[in-house]
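**Student:** The following file, start-v1.csv, comprises CSV, C-alpha atoms:
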chain,number,residue,atom,x,y,z
A,1,MET,CA,78.6,97.8,55.4
A,2,ALA,CA,79.6,101.4,56.1
A,3,THR,CA,76.6,102.0,58.4
A,4,ASN,CA,77.8,99.0,60.5
A,5,THR,CA,81.2,100.6,61.0
A,6,ALA,CA,79.7,103.9,62.1
A,7,LEU,CA,77.2,102.1,64.3
A,8,LEU,CA,79.9,99.9,65.8
A,9,SER,CA,82.1,102.8,66.9
A,10,THR,CA,79.2,104.5,68.6
A,11,LEU,CA,78.2,101.3,70.3
A,12,ARG,CA,81.7,100.7,71.5
A,13,ALA,CA,81.7,104.2,73.0
A,14,GLY,CA,78.7,103.1,75.0
A,15,ASP,CA,76.3,105.5,73.3
A,16,GLU,CA,72.8,105.1,74.8
A,17,SER,CA,70.9,105.9,71.7
A,18,ALA,CA,73.0,103.5,69.6
A,19,ILE,CA,72.2,100.7,72.0
A,20,ARG,CA,68.5,101.7,72.0
A,21,SER,CA,68.4,101.5,68.2
A,22,LEU,CA,70.3,98.2,68.2
A,23,VAL,CA,67.9,96.6,70.5
A,24,ALA,CA,64.8,98.1,68.8
A,25,THR,CA,66.1,96.8,65.4
A,26,TYR,CA,67.1,93.3,66.4
A,27,HIS,CA,65.5,92.2,69.6
A,28,ALA,CA,62.3,90.8,68.2
A,29,SER,CA,64.1,88.9,65.4
A,30,MET,CA,66.5,87.5,67.9
A,31,VAL,CA,63.8,86.3,70.2
A,32,ARG,CA,61.9,84.7,67.2
A,33,PHE,CA,65.1,82.9,66.2
A,34,ALA,CA,65.9,81.7,69.7
A,35,ARG,CA,62.4,80.3,69.8
A,36,THR,CA,63.1,78.1,66.8
A,37,ILE,CA,65.9,76.4,68.7
A,38,ALA,CA,64.8,76.5,72.3
A,39,GLY,CA,61.0,76.9,72.3
A,40,ASP,CA,58.9,79.7,73.8
A,41,ALA,CA,60.0,79.2,77.4
A,42,GLY,CA,63.7,79.9,77.3
A,43,ALA,CA,63.8,82.3,74.3
A,44,GLU,CA,63.7,85.6,76.1
A,45,GLU,CA,66.3,84.5,78.6
A,46,ILE,CA,68.6,83.3,75.9
A,47,VAL,CA,68.4,86.6,74.1
A,48,GLN,CA,69.1,88.5,77.3
A,49,GLU,CA,72.3,86.4,77.8
A,50,ALA,CA,73.1,86.9,74.1
A,51,TRP,CA,73.0,90.7,74.5
A,52,ILE,CA,75.4,90.5,77.3
A,53,LYS,CA,77.8,88.4,75.2
A,54,VAL,CA,77.3,90.9,72.4
A,55,ILE,CA,78.4,93.8,74.6
A,56,ARG,CA,81.4,91.8,75.8
A,57,ALA,CA,82.4,90.8,72.3
A,58,LEU,CA,81.9,94.2,70.7
A,59,PRO,CA,85.5,95.3,71.1
A,60,THR,CA,86.7,92.2,69.2
A,61,PHE,CA,84.0,92.1,66.6
A,62,GLU,CA,85.9,92.3,63.3
A,63,GLY,CA,83.0,93.0,61.0
A,64,ARG,CA,83.8,90.2,58.7
A,65,SER,CA,80.2,89.1,58.8
A,66,SER,CA,77.3,91.5,58.9
A,67,LEU,CA,76.2,92.7,62.3
A,68,ARG,CA,72.9,90.8,62.0
A,69,THR,CA,74.6,87.5,61.1
A,70,TRP,CA,77.0,88.0,64.0
A,71,LEU,CA,74.1,88.7,66.5
A,72,PHE,CA,72.2,85.6,65.2
A,73,ALA,CA,75.3,83.4,65.6
A,74,ILE,CA,75.6,84.5,69.2
A,75,VAL,CA,72.0,83.8,69.9
A,76,ARG,CA,72.4,80.4,68.3
A,77,ASN,CA,75.5,79.5,70.4
A,78,GLU,CA,73.7,80.7,73.5
A,79,ALA,CA,70.6,78.6,72.7
A,80,VAL,CA,72.5,75.5,71.8
A,81,SER,CA,74.6,75.6,74.9
A,82,ARG,CA,71.4,76.1,76.9
A,83,LEU,CA,69.9,73.0,75.2
A,84,ARG,CA,72.9,70.9,76.0
A,85,GLN,CA,72.4,71.9,79.6
A,86,ASP,CA,68.8,70.7,79.3
A,87,ALA,CA,69.8,67.7,77.3
A,88,ARG,CA,66.9,67.9,74.9
A,89,GLN,CA,67.0,65.8,71.7
A,90,PRO,CA,63.8,66.2,69.7
A,91,GLU,CA,65.2,65.7,66.2
A,92,THR,CA,63.2,63.8,63.6
A,93,GLU,CA,64.2,63.7,59.9
A,94,SER,CA,61.8,65.5,57.6
A,95,ALA,CA,61.2,63.4,54.5
A,96,ASP,CA,60.3,64.5,51.0
A,97,VAL,CA,56.5,64.8,51.4
A,98,LEU,CA,55.8,64.9,47.7
A,99,ALA,CA,57.8,61.7,46.9
A,100,ASP,CA,54.8,59.4,46.5
A,101,ARG,CA,52.6,61.8,44.6
A,102,TYR,CA,54.4,61.4,41.3
A,103,GLY,CA,54.2,58.5,38.8
A,104,PRO,CA,57.3,56.6,37.6
A,105,ASP,CA,57.6,59.1,34.7
A,106,GLY,CA,57.9,62.1,37.1
A,107,THR,CA,54.4,63.5,36.3
A,108,TRP,CA,51.7,64.1,39.0
A,109,GLN,CA,49.9,60.9,40.0
A,110,THR,CA,48.0,62.7,42.8
A,111,PRO,CA,48.0,66.3,41.6
A,112,PRO,CA,47.4,69.2,44.1
A,113,GLY,CA,43.8,70.0,44.7
A,114,ALA,CA,42.4,73.5,44.5
A,115,TRP,CA,42.5,75.6,47.7
A,116,SER,CA,39.3,77.4,48.6
A,117,LEU,CA,41.1,80.6,49.7
A,118,ASP,CA,38.7,83.1,48.1
A,119,THR,CA,40.7,86.0,49.4
A,120,PRO,CA,44.1,84.4,50.0
A,121,GLU,CA,45.5,87.5,51.7
A,122,ALA,CA,42.8,87.5,54.4
A,123,ALA,CA,42.8,83.7,54.8
A,124,LEU,CA,46.6,83.6,55.4
A,125,ALA,CA,46.2,86.0,58.2
A,126,SER,CA,43.4,84.1,59.9
A,127,LYS,CA,43.8,82.7,63.4
A,128,ASP,CA,43.2,79.2,62.1
A,129,MET,CA,46.0,79.5,59.6
A,130,GLN,CA,48.4,81.0,62.1
A,131,GLY,CA,47.7,78.2,64.5
A,132,LEU,CA,48.3,75.7,61.7
A,133,ILE,CA,51.6,77.2,60.7
A,134,ARG,CA,52.6,77.3,64.3
A,135,ARG,CA,51.8,73.6,64.9
A,136,THR,CA,53.6,72.6,61.7
A,137,LEU,CA,56.7,74.5,62.7
A,138,ASP,CA,56.6,73.0,66.2
A,139,GLY,CA,56.6,69.5,64.6
A,140,MET,CA,59.8,70.1,62.7
A,141,PRO,CA,63.4,69.5,63.8
A,142,ALA,CA,64.9,72.6,65.3
A,143,THR,CA,67.4,73.2,62.5
A,144,GLN,CA,64.7,73.0,59.9
A,145,ARG,CA,62.6,75.5,61.8
A,146,SER,CA,65.6,77.8,62.1
A,147,VAL,CA,66.3,77.6,58.4
A,148,LEU,CA,62.7,78.5,57.5
A,149,THR,CA,62.7,81.4,59.9
A,150,LEU,CA,66.1,82.8,58.9
A,151,ARG,CA,65.3,82.5,55.2
A,152,ASP,CA,61.6,83.2,54.8
A,153,ILE,CA,61.0,85.6,57.7
A,154,GLU,CA,64.4,87.3,58.1
A,155,GLY,CA,65.4,87.0,54.4
A,156,LEU,CA,69.0,85.9,55.0
A,157,SER,CA,71.2,84.4,52.3
A,158,PHE,CA,72.2,80.8,52.4
A,159,GLU,CA,75.8,81.8,53.1
A,160,ASP,CA,74.7,83.6,56.3
A,161,ILE,CA,72.3,80.9,57.3
A,162,SER,CA,75.0,78.2,57.0
A,163,ASN,CA,77.4,80.3,59.0
A,164,ILE,CA,74.9,81.0,61.8
A,165,LEU,CA,73.6,77.4,62.1
A,166,VAL,CA,77.0,75.8,61.4
A,167,ILE,CA,75.6,73.6,58.6
A,168,SER,CA,76.5,73.4,54.9
A,169,SER,CA,74.8,75.6,52.5
A,170,SER,CA,73.5,72.6,50.5
A,171,ASN,CA,72.1,71.1,53.7
A,172,ALA,CA,70.3,74.4,54.4
A,173,ARG,CA,68.8,74.3,50.9
A,174,VAL,CA,67.5,70.8,51.5
A,175,LEU,CA,66.0,71.7,54.9
A,176,LEU,CA,64.3,74.8,53.4
A,177,HIS,CA,62.9,72.8,50.5
A,178,ARG,CA,61.4,70.1,52.7
A,179,GLY,CA,60.3,72.5,55.3
A,180,ARG,CA,58.4,74.6,52.8
A,181,GLN,CA,56.8,71.4,51.4
A,182,ARG,CA,55.7,70.5,54.9
A,183,LEU,CA,54.0,73.8,55.3
A,184,TRP,CA,52.3,73.4,51.9
A,185,GLN,CA,51.2,69.9,52.9
A,186,ALA,CA,49.8,71.1,56.2
A,187,ILE,CA,47.7,73.8,54.5
A,188,ASP,CA,46.7,71.3,51.7
A,189,GLU,CA,45.4,68.8,54.3
A,190,TYR,CA,43.6,71.5,56.2
A,191,GLN,CA,41.9,72.6,53.0
A,192,LYS,CA,40.7,69.0,52.3
A,193,GLY,CA,39.6,68.4,55.9
B,194,MET,CA,62.2,69.0,29.3
B,195,LEU,CA,61.5,69.2,33.0
B,196,THR,CA,59.2,66.6,34.6
B,197,CYS,CA,56.7,67.6,37.3
B,198,ARG,CA,59.1,66.1,39.9
B,199,ASP,CA,62.0,68.3,38.6
B,200,LEU,CA,59.8,71.3,38.8
B,201,ALA,CA,59.0,70.8,42.4
B,202,LYS,CA,62.7,70.7,43.1
B,203,HIS,CA,63.2,74.0,41.2
B,204,ALA,CA,60.2,75.7,42.9
B,205,ASP,CA,62.1,77.1,45.8
B,206,ARG,CA,64.8,78.7,43.8
B,207,TYR,CA,62.2,79.9,41.3
B,208,LEU,CA,60.2,81.6,44.0
B,209,ASP,CA,63.3,83.1,45.5
B,210,GLY,CA,64.4,84.5,42.1
B,211,GLU,CA,67.6,82.5,42.1
B,212,LEU,CA,67.3,80.6,38.8
B,213,SER,CA,69.3,81.4,35.8
B,214,LEU,CA,67.4,82.9,32.9
B,215,ARG,CA,67.5,79.6,31.1
B,216,GLU,CA,66.2,77.6,34.1
B,217,ARG,CA,63.5,80.3,34.7
B,218,LEU,CA,62.3,80.0,31.1
B,219,GLU,CA,62.1,76.2,31.4
B,220,VAL,CA,60.1,76.5,34.6
B,221,ARG,CA,57.7,79.0,33.1
B,222,PHE,CA,57.3,76.9,30.0
B,223,HIS,CA,56.4,73.9,32.0
B,224,MET,CA,54.0,75.8,34.2
B,225,PHE,CA,52.3,77.2,31.1
B,226,LEU,CA,51.6,73.7,29.9
B,227,CYS,CA,50.9,72.0,33.3
B,228,LYS,CA,48.1,73.4,35.4
B,229,HIS,CA,49.0,71.1,38.3
B,230,CYS,CA,52.5,72.4,38.6
B,231,SER,CA,51.2,75.9,38.1
B,232,ARG,CA,48.8,75.4,40.9
B,233,TYR,CA,51.5,73.8,43.1
B,234,VAL,CA,53.9,76.7,42.7
B,235,GLU,CA,51.2,79.3,43.5
B,236,GLN,CA,50.2,77.2,46.6
B,237,LEU,CA,53.8,77.0,47.7
B,238,ARG,CA,54.1,80.8,47.4
B,239,LEU,CA,50.9,81.2,49.6
B,240,ALA,CA,52.4,78.7,52.1
B,241,ILE,CA,55.5,80.9,52.4
B,242,GLU,CA,53.4,84.0,52.6
B,243,ALA,CA,51.4,82.4,55.5
B,244,LEU,CA,54.7,81.7,57.3
B,245,ARG,CA,55.7,85.4,57.0
B,246,ARG,CA,52.2,86.5,58.2
B,247,SER,CA,52.5,84.2,61.2
B,248,ALA,CA,55.7,86.0,62.2
B,249,ASP,CA,54.0,89.4,62.1
B,250,ALA,CA,51.0,88.1,64.0
B,251,SER,CA,53.0,86.4,66.8
B,252,GLN,CA,55.0,89.5,67.5
B,253,SER,CA,54.6,89.6,71.3
B,254,PRO,CA,55.2,92.9,73.0
B,255,GLU,CA,58.9,92.8,73.7
B,256,PRO,CA,60.2,94.2,76.9
B,257,GLN,CA,62.4,96.6,75.1
B,258,GLU,CA,62.8,99.1,77.8
B,259,GLU,CA,63.9,96.4,80.1
B,260,ALA,CA,66.3,95.1,77.5
B,261,VAL,CA,67.8,98.5,76.9
B,262,GLY,CA,68.1,99.2,80.7
B,263,GLY,CA,69.8,95.9,81.4
B,264,LEU,CA,72.1,96.3,78.4
B,265,LEU,CA,73.2,99.8,79.4
B,266,SER,CA,73.9,98.7,82.9
B,267,ALA,CA,75.8,95.6,81.6
B,268,MET,CA,77.8,97.9,79.3
B,269,ARG,CA,78.7,100.3,82.0
B,270,SER,CA,79.6,97.5,84.3
B,271,GLU,CA,81.7,96.0,81.5
B,272,GLN,CA,83.4,99.3,80.8
B,273,CYS,CA,84.0,99.8,84.5
B,274,ARG,CA,85.5,96.3,84.7
B,275,HIS,CA,88.2,97.4,82.2
B,276,SER,CA,88.9,100.8,83.7
B,277,PRO,CA,91.3,101.7,86.5
B,278,VAL,CA,88.5,103.5,88.1
B,279,TYR,CA,86.9,100.1,88.9
B,280,GLU,CA,89.8,98.9,91.0
B,281,ASP,CA,89.8,102.2,92.7
B,282,THR,CA,86.1,101.9,93.5
B,283,VAL,CA,86.5,98.5,94.9
B,284,SER,CA,89.5,99.4,97.1
B,285,ARG,CA,87.5,102.5,98.4
B,286,VAL,CA,84.6,100.3,99.3
B,287,LEU,CA,86.8,97.8,100.9
B,288,SER,CA,88.6,100.4,103.1
B,289,ALA,CA,85.3,102.1,104.0
B,290,VAL,CA,84.0,98.7,105.1
B,291,ARG,CA,87.1,98.0,107.1
B,292,GLU,CA,86.8,101.3,108.8
B,293,SER,CA,83.1,101.1,109.5
B,294,PRO,CA,82.4,100.7,113.2
B,295,ALA,CA,81.1,97.2,112.9
B,296,ALA,CA,79.1,98.1,115.9
B,297,ALA,CA,80.3,96.4,119.0
B,298,GLY,CA,77.3,95.3,121.0
B,299,ASP,CA,74.9,95.5,118.1
B,300,THR,CA,74.5,91.8,117.2
B,301,ALA,CA,71.5,92.0,114.9
B,302,ALA,CA,72.4,91.4,111.3
B,303,PRO,CA,72.1,94.6,109.2
B,304,GLU,CA,69.4,94.8,106.7
B,305,VAL,CA,70.4,94.0,103.1
B,306,VAL,CA,68.5,95.9,100.4
B,307,ILE,CA,69.0,95.3,96.7
B,308,TYR,CA,67.5,97.5,94.0
B,309,THR,CA,66.9,95.5,90.8
B,310,THR,CA,65.1,95.2,87.6
B,311,PRO,CA,63.8,91.7,86.6
B,312,TRP,CA,65.7,91.8,83.4
B,313,CYS,CA,69.2,92.6,84.5
B,314,PRO,CA,71.6,89.6,84.7
B,315,TYR,CA,73.9,91.4,87.1
B,316,CYS,CA,70.9,91.7,89.5
B,317,HIS,CA,70.4,88.0,89.2
B,318,ARG,CA,74.0,87.3,89.8
B,319,ALA,CA,74.1,89.5,92.9
B,320,LYS,CA,71.0,87.9,94.3
B,321,ALA,CA,72.4,84.4,93.5
B,322,LEU,CA,75.5,85.2,95.6
B,323,LEU,CA,73.3,86.4,98.5
B,324,GLN,CA,71.2,83.3,98.3
B,325,ARG,CA,74.2,81.1,98.2
B,326,LYS,CA,75.4,82.7,101.4
B,327,ASN,CA,71.9,82.3,102.9
B,328,VAL,CA,71.7,86.1,103.4
B,329,SER,CA,68.1,87.3,103.6
B,330,TYR,CA,67.5,90.6,101.7
B,331,ARG,CA,64.8,93.0,100.7
B,332,GLU,CA,64.4,93.4,97.0
B,333,VAL,CA,63.1,96.7,95.5
B,334,ASN,CA,62.1,96.4,91.8
B,335,VAL,CA,62.7,99.7,90.1
B,336,ALA,CA,61.5,98.7,86.7
B,337,GLY,CA,58.9,101.1,85.4
B,338,ASP,CA,59.0,102.9,88.8
B,339,PRO,CA,60.7,106.3,88.5
B,340,VAL,CA,60.0,107.2,92.1
B,341,ARG,CA,61.8,104.1,93.4
B,342,ARG,CA,64.6,104.6,90.9
B,343,GLN,CA,65.1,108.1,92.1
B,344,GLU,CA,65.1,107.0,95.7
B,345,MET,CA,67.8,104.5,94.7
B,346,ALA,CA,69.9,107.1,92.9
B,347,ALA,CA,69.6,109.4,95.9
B,348,LEU,CA,70.9,106.7,98.3
B,349,ALA,CA,73.6,105.5,95.9
B,350,ALA,CA,75.3,108.9,95.3
B,351,GLY,CA,73.6,109.5,92.0
B,352,ARG,CA,74.2,106.1,90.4
B,353,THR,CA,71.2,105.0,88.4
B,354,THR,CA,72.3,101.6,87.2
B,355,VAL,CA,71.0,98.4,88.8
B,356,PRO,CA,71.7,96.6,91.0
B,357,GLN,CA,72.5,98.9,93.8
B,358,ILE,CA,73.1,97.1,97.1
B,359,PHE,CA,72.9,98.5,100.6
B,360,ILE,CA,74.1,96.8,103.7
B,361,GLY,CA,72.9,98.4,106.9
B,362,GLY,CA,72.1,101.6,105.0
B,363,HIS,CA,75.6,101.8,103.4
B,364,GLY,CA,75.8,101.7,99.6
B,365,ILE,CA,78.4,99.1,98.6
B,366,GLY,CA,77.8,99.4,94.9
B,367,GLY,CA,76.7,96.8,92.4
B,368,CYS,CA,77.2,93.2,91.5
B,369,ASP,CA,80.9,93.5,90.9
B,370,GLU,CA,81.6,95.3,94.2
B,371,LEU,CA,79.5,92.7,96.0
B,372,HIS,CA,81.6,89.9,94.6
B,373,ALA,CA,84.8,91.7,95.3
B,374,LEU,CA,83.8,92.2,98.9
B,375,ASP,CA,82.9,88.5,99.1
B,376,ALA,CA,86.2,87.5,97.5
B,377,ALA,CA,88.1,89.6,100.0
B,378,GLY,CA,86.2,88.1,102.9
B,379,ASP,CA,84.8,91.4,103.8
B,380,LEU,CA,81.2,90.6,103.0
B,381,ASP,CA,80.9,88.3,106.0
B,382,ARG,CA,82.4,90.9,108.2
B,383,LEU,CA,80.0,93.5,106.9
B,384,LEU,CA,77.1,91.2,107.6
B,385,ARG,CA,78.6,90.6,111.1
B,386,ARG,CA,78.9,87.0,110.6
B,387,ALA,CA,82.7,86.7,110.9
Can you give me the file's structure in the form of structure tokens?
**Tutor:**
Amino acid sequence: MATNTALLSTLRAGDESAIRSLVATYHASMVRFARTIAGDAGAEEIVQEAWIKVIRALPTFEGRSSLRTWLFAIVRNEAVSRLRQDARQPETESADVLADRYGPDGTWQTPPGAWSLDTPEAALASKDMQGLIRRTLDGMPATQRSVLTLRDIEGLSFEDISNILVISSSNARVLLHRGRQRLWQAIDEYQKG
Amino acid sequence: MLTCRDLAKHADRYLDGELSLRERLEVRFHMFLCKHCSRYVEQLRLAIEALRRSADASQSPEPQEEAVGGLLSAMRSEQCRHSPVYEDTVSRVLSAVRESPAAAGDTAAPEVVIYTTPWCPYCHRAKALLQRKNVSYREVNVAGDPVRRQEMAALAAGRTTVPQIFIGGHGIGGCDELHALDAAGDLDRLLRRA
């Protein structure tokens, strides 16, 4: 991207307004992403360290990936190395939640029920729904949470996601597929309950 | 002909607009005939939308000023590390320290004051060094406090970056200079511990 090149040279020159705009543009996204790996507690600190690494690495950044992908990769490295220090291992495999809702012929055996979201837009923004989404994400393995965040919130391509998280693109697709299904299932159960 | 199970597998790429024209038509045709799948795909879309909303809602107020301040100071410190001026500064500090009349007769340890912001990693590093050496110090947080920051700049010959460290009223510079002094063995001397 041409804008990246221009931005990079002003950043390297230590231009204050360029740094301000860089932080304003990416800080919140980076914290959100760091949370998916390390949880709420360490996220800010991880991003702070990541920014320092960014500054150090700016002179050698070759611009082969987009600036955003590069920033996220640095956050990921920082978060993962922090986790190794803490030796946390909360990974559980996320299964295909729809598997037993189909009959042998591949048609619905237990079809989805109607959701009583009269005004879906308002209901999605409700506190209850936000809490539900939050809890569901918290119950996922970190990599799955990261994929959902990078894809559905940040809107990154699978190629970028696989580079940032160091997983294959097909693995990222599977994690996204099952992660979205889990969100759907959580709302579905909430609707029934 | 797609089964309902196949359709669920295609649903992600359908919603993301990644299917080929042919695949998209197959999915649409199936949904036209199957109200269950049609409902499922709409609900999946709503679930993704809910996820997006949750990100907007959970936007905590970010300490952006702090982030920028820390970053600028890190950047300057980083640039200064690579410049010949840095070596020069360190050697000037060192010679000033060596020449300072390390007060014969005055045995009380000089006061150490460090101006910081909570965000700045160099401040943390400087404080960590002092703590490792069991040096007690007075910390002055200048974040969001322009008066204190000005006071610091006045004492530090106009420098506005954090940390600024003073030993017995003498500005010795920032984190790098503190470490350089320590590495040269002069920090102890300055603290009258030698």
**Student:** If we draw a sphere of 10 Å around (76.6, 90.3, 74.9), which residues have at least one atom in it when counting all atoms listed in the file? Please report them as a PyMOL selection string.
**Tutor:** (chain A and resi 47-58+71+74-75) or (chain B and resi 264+267-268)
**Student:** Keeping C-alpha atoms for every residue in the selection just given, could you write it to a file as an mmCIF file, in the frame of the given file?
**Tutor:**
data_model
loop_
_atom_site.group_PDB
_atom_site.id
_atom_site.type_symbol
_atom_site.label_atom_id
_atom_site.label_comp_id
_atom_site.auth_asym_id
_atom_site.auth_seq_id
_atom_site.Cartn_x
_atom_site.Cartn_y
_atom_site.Cartn_z
ATOM 1 C CA VAL A 47 68.400 86.600 74.100
ATOM 2 C CA GLN A 48 69.100 88.500 77.300
ATOM 3 C CA GLU A 49 72.300 86.400 77.800
ATOM 4 C CA ALA A 50 73.100 86.900 74.100
ATOM 5 C CA TRP A 51 73.000 90.700 74.500
ATOM 6 C CA ILE A 52 75.400 90.500 77.300
ATOM 7 C CA LYS A 53 77.800 88.400 75.200
ATOM 8 C CA VAL A 54 77.300 90.900 72.400
ATOM 9 C CA ILE A 55 78.400 93.800 74.600
ATOM 10 C CA ARG A 56 81.400 91.800 75.800
ATOM 11 C CA ALA A 57 82.400 90.800 72.300
ATOM 12 C CA LEU A 58 81.900 94.200 70.700
ATOM 13 C CA LEU A 71 74.100 88.700 66.500
ATOM 14 C CA ILE A 74 75.600 84.500 69.200
ATOM 15 C CA VAL A 75 72.000 83.800 69.900
ATOM 16 C CA LEU B 264 72.100 96.300 78.400
ATOM 17 C CA ALA B 267 75.800 95.600 81.600
ATOM 18 C CA MET B 268 77.800 97.900 79.300
#
**Student:** List as a Markdown table every residue of chain B that is in contact with chain A, defined as an atom at most 6 Å from one of its atoms (using all atoms listed in the file), together with the nearest atom pair and the distance in Å rounded to one decimal, sorted by chain and then rising number.
**Tutor:**
| residue | atom | partner | partner_atom | distance |
| --- | --- | --- | --- | --- |
| B:Thr196 | CA | A:Gly106 | CA | 5.3 |
| B:Cys197 | CA | A:Thr107 | CA | 4.8 |
| B:Arg198 | CA | A:Gly106 | CA | 5.0 |
| B:His229 | CA | A:Pro111 | CA | 5.9 |
| B:Leu237 | CA | A:Trp184 | CA | 5.7 |
| B:Ala240 | CA | A:Trp184 | CA | 5.3 |
| B:Ala243 | CA | A:Leu124 | CA | 4.9 |
| B:Arg245 | CA | A:Ile153 | CA | 5.3 |
| B:Ser247 | CA | A:Gln130 | CA | 5.3 |
| B:Val261 | CA | A:Arg20 | CA | 5.9 |
**Student:** At most 9 Å from (72.3, 75.7, 64.3), file frame, all atoms listed in the file: which residues, as a PyMOL selection string?
**Tutor:** chain A and resi 37+73+76-77+80+142-143+146-147+161-167
**Student:** Using Å and a single decimal, report how far CA of Pro311 (chain B) sits from CA of Phe72 (chain A).
**Tutor:**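 Atom-to-atom, CA of Phe72 (chain A) to CA of Pro311 (chain B), that is 23.8 Å.
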**Student:** Using CA of Phe158 (chain A) and CA of Met224 (chain B) as the two end points, give the distance in Å to one decimal.
**Tutor:**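 Pair CA of Phe158 (chain A) / CA of Met224 (chain B) returns 26.2 Å.
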**Student:** Using all atoms listed in the file, which of B:Glu370, B:Glu219, B:Asp249, B:Asp381 sits nearest Ile358 (chain B)?
**Tutor:**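 Answer, going by the shortest atom-to-atom distance: B:Glu370.
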**Student:** Take CA of Met140 (chain A) and CA of Leu200 (chain B) and report the distance between them in Å, one decimal.
**Tutor:**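 Value for the CA of Met140 (chain A)-CA of Leu200 (chain B) distance: 23.9 Å.
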**Student:** Calculated over only C-alpha atoms, which of the candidates B:Glu344, B:Glu304, B:Glu235, B:Glu332 has the smallest distance to Leu208 (chain B)?
**Tutor:** B:Glu235
